[in-house]
Amino acid sequence: MRVKAILGAILLCGTLSACGLEVNTALPYKIEPGSIQPIESLKGVEVTVGSKDFTENIILGYMAEMALSAAGADVIDLTDIKGSNSSRQALLAGQTDVTWEYTGTGWINYQGNELPVPGGEQAQYEATKAADEAKYGVTWLNYSPLNDQYAFAVTEAYGAANNLKTTSDLAEFLKRKPDQNVFCLETEFTSRQDGFPAAVRAYGFQNPVIKNFGIGTIYSAVASGTCPIGEIFTTDGRIAGLNLRVLEDDKKAFPQYNAVPTLRTDFLKQHPELRGPLDAVSAALDNEQMIELCKQVDVDGRDQGEVAYEWMKKKGFIS
């Protein structure tokens, strides 16, 4: 049974399970329209917003919830779904109606391609959008300038000592120093075709020792020396907070990962007015802003909902 939850209760307890399906609590935020105005045809429309389980995607989920709430929809929160595949299946099965996806993930993981589309962000987006609608009935709205790519990172001191600036530098270094061939990776990245296998194909890493961590602990594991090399997201605030050096993906092993709101095509056809508020938020995002927002959560210890709320107010989308 889908339970209707107003946004304030969502932000207070995070997920429906955390709420225990109880929504009659004091509202920490009152969402009022700003530049996103109420849309009559969305009044009372129930929209479930999902997200994956990492900081950036949870923040994006909250932003979508606030935008749609300001537009008049009745929002249900299902953010923090564990893993990309689970989040995707929730959308396909109708358990969620809106979720932020990444073009590279759609192309490699969901469409089954092994190599990114050449030609940059627009080409990757257009190919992913066309394939996903044709094969799975999922519509990708306009893509955001926010492009959260995979990369490898080392500590700034380690990178400086070993003259590491690019991933090619890293590959050559590891041939000379095989005792340093240790990577901290999340389990999903280890096997997904746009993850570590893509890097191995491009850079020829041989016999790496892999230590699996949750994505949230990789940054501290690298900073503490548990692993010399770690997988990171290029928009993560902990890069600056822990003084890490991001190595350039100079052979373009990893696809473009522009963030895009996605919906089932049939649901969007029923409620086309959902497009406007979501596209407005999408267009206002970029990497620099997201690094700061993620830093506020992962380094400063703030709540994702609070960070999203302040950004939405600062941008004037809500008041």
# chains A, B, ... in the order shown; residues from 1 in each chain; ligands from 1
>>> residues_around(residues="segment 84-86 of chain A", least_positions_apart="3", cutoff="9 Å", atoms="only C-alpha atoms", output="PyMOL selection string")
chain A and resi 51-53+81+89-91+101+105+109-110+188
>>> residues_around(residues="Gly44 of chain A", least_positions_apart="5", cutoff="8 Å", atoms="only C-alpha atoms", output="list in words")
Gly72, Ala73 and Asp74 of chain A
>>> closest_residue(among="A:Trp140, A:Arg176, A:Pro255, A:Val47", to="Asn113 of chain A", atoms="only C-alpha atoms")
A:Pro255
>>> residues_around(residues="Thr167 of chain A", least_positions_apart="3", cutoff="9 Å", atoms="only C-alpha atoms", output="compact mmCIF listing (two decimals) with N, CA, C and O atoms, in the first residue's frame")
# COMPACT_ATOMS: atom_id res chain seq x y z
N ALA A 151 36.20 8.46 -10.80
CA ALA A 151 37.64 8.71 -10.93
C ALA A 151 38.34 7.98 -9.80
O ALA A 151 37.70 7.45 -8.88
N PHE A 152 39.65 7.96 -9.86
CA PHE A 152 40.46 7.45 -8.76
C PHE A 152 41.11 8.63 -8.06
O PHE A 152 41.44 9.65 -8.68
N LEU A 164 51.84 11.79 -9.49
CA LEU A 164 50.62 11.21 -10.07
C LEU A 164 49.63 12.33 -10.36
O LEU A 164 49.14 13.01 -9.45
N LEU A 170 49.24 6.72 -12.89
CA LEU A 170 49.03 5.69 -11.87
C LEU A 170 49.36 4.30 -12.39
O LEU A 170 50.04 3.51 -11.72
N ALA A 171 48.91 4.00 -13.60
CA ALA A 171 49.15 2.67 -14.18
C ALA A 171 50.65 2.41 -14.33
O ALA A 171 51.14 1.32 -14.03
N GLU A 172 51.39 3.39 -14.80
CA GLU A 172 52.84 3.23 -14.95
C GLU A 172 53.52 3.09 -13.60
O GLU A 172 54.45 2.30 -13.43
N ALA A 199 38.09 0.62 -16.34
CA ALA A 199 39.43 1.14 -16.06
C ALA A 199 40.51 0.11 -16.40
O ALA A 199 41.57 0.47 -16.93
N TYR A 203 43.42 1.03 -18.96
CA TYR A 203 44.74 1.34 -18.39
C TYR A 203 45.59 0.10 -18.12
O TYR A 203 46.77 0.24 -17.79
N LEU A 247 42.71 11.94 -9.83
CA LEU A 247 43.53 11.66 -11.01
C LEU A 247 42.68 11.77 -12.27
O LEU A 247 41.59 11.20 -12.34
N GLU A 248 43.17 12.50 -13.23
CA GLU A 248 42.44 12.70 -14.47
C GLU A 248 42.25 11.37 -15.21
O GLU A 248 43.18 10.57 -15.35
N ASP A 249 41.03 11.14 -15.68
CA ASP A 249 40.73 9.97 -16.52
C ASP A 249 41.14 10.32 -17.95
O ASP A 249 40.32 10.57 -18.81
N ASP A 250 42.46 10.31 -18.21
CA ASP A 250 42.98 10.85 -19.45
C ASP A 250 42.67 9.98 -20.67
O ASP A 250 42.69 10.47 -21.81
N LYS A 251 42.34 8.71 -20.47
CA LYS A 251 41.96 7.85 -21.59
C LYS A 251 40.45 7.71 -21.73
O LYS A 251 39.96 6.92 -22.54
>>> residues_around(residues="Tyr143 of chain A", least_positions_apart="3", cutoff="10 Å", atoms="only C-alpha atoms", output="PyMOL selection string")
chain A and resi 101-103+121-122+125-126+129+140+146-147+257-262+279+282-283
>>> write_last_selection(atoms="C-alpha atoms", output="CSV table (one decimal), in the first residue's frame")
chain,number,residue,atom,x,y,z
A,101,GLU,CA,19.7,8.9,-13.0
A,102,TYR,CA,23.0,9.3,-14.7
A,103,THR,CA,23.5,9.0,-18.5
A,121,GLU,CA,27.7,14.9,-22.9
A,122,GLN,CA,25.1,15.6,-25.5
A,125,TYR,CA,22.5,11.8,-23.3
A,126,GLU,CA,20.8,11.5,-26.7
A,129,LYS,CA,17.4,8.8,-23.8
A,140,TRP,CA,14.7,11.2,-19.6
A,146,LEU,CA,25.9,18.3,-13.1
A,147,ASN,CA,28.2,15.6,-14.4
A,257,TYR,CA,27.4,10.8,-16.0
A,258,ASN,CA,25.1,13.9,-16.4
A,259,ALA,CA,22.3,13.8,-13.8
A,260,VAL,CA,18.8,13.6,-15.3
A,261,PRO,CA,15.3,13.2,-13.8
A,262,THR,CA,13.7,10.1,-15.2
A,279,ASP,CA,13.7,20.7,-15.6
A,282,SER,CA,18.1,20.3,-13.2
A,283,ALA,CA,19.2,23.3,-15.2
>>> select_by_dssp(residues="segment 30-274 of chain A", states="strand (DSSP E or B)", output="PyMOL selection string")
chain A and resi 33+46-50+74-78+98-102+138-140+147+150-155+166+182-185+209-212+229-233+244-248+258-264
>>> closest_residue(among="A:Leu141, A:Val117, A:Ala127, A:Cys294", to="Pro272 of chain A", atoms="only C-alpha atoms")
A:Leu141
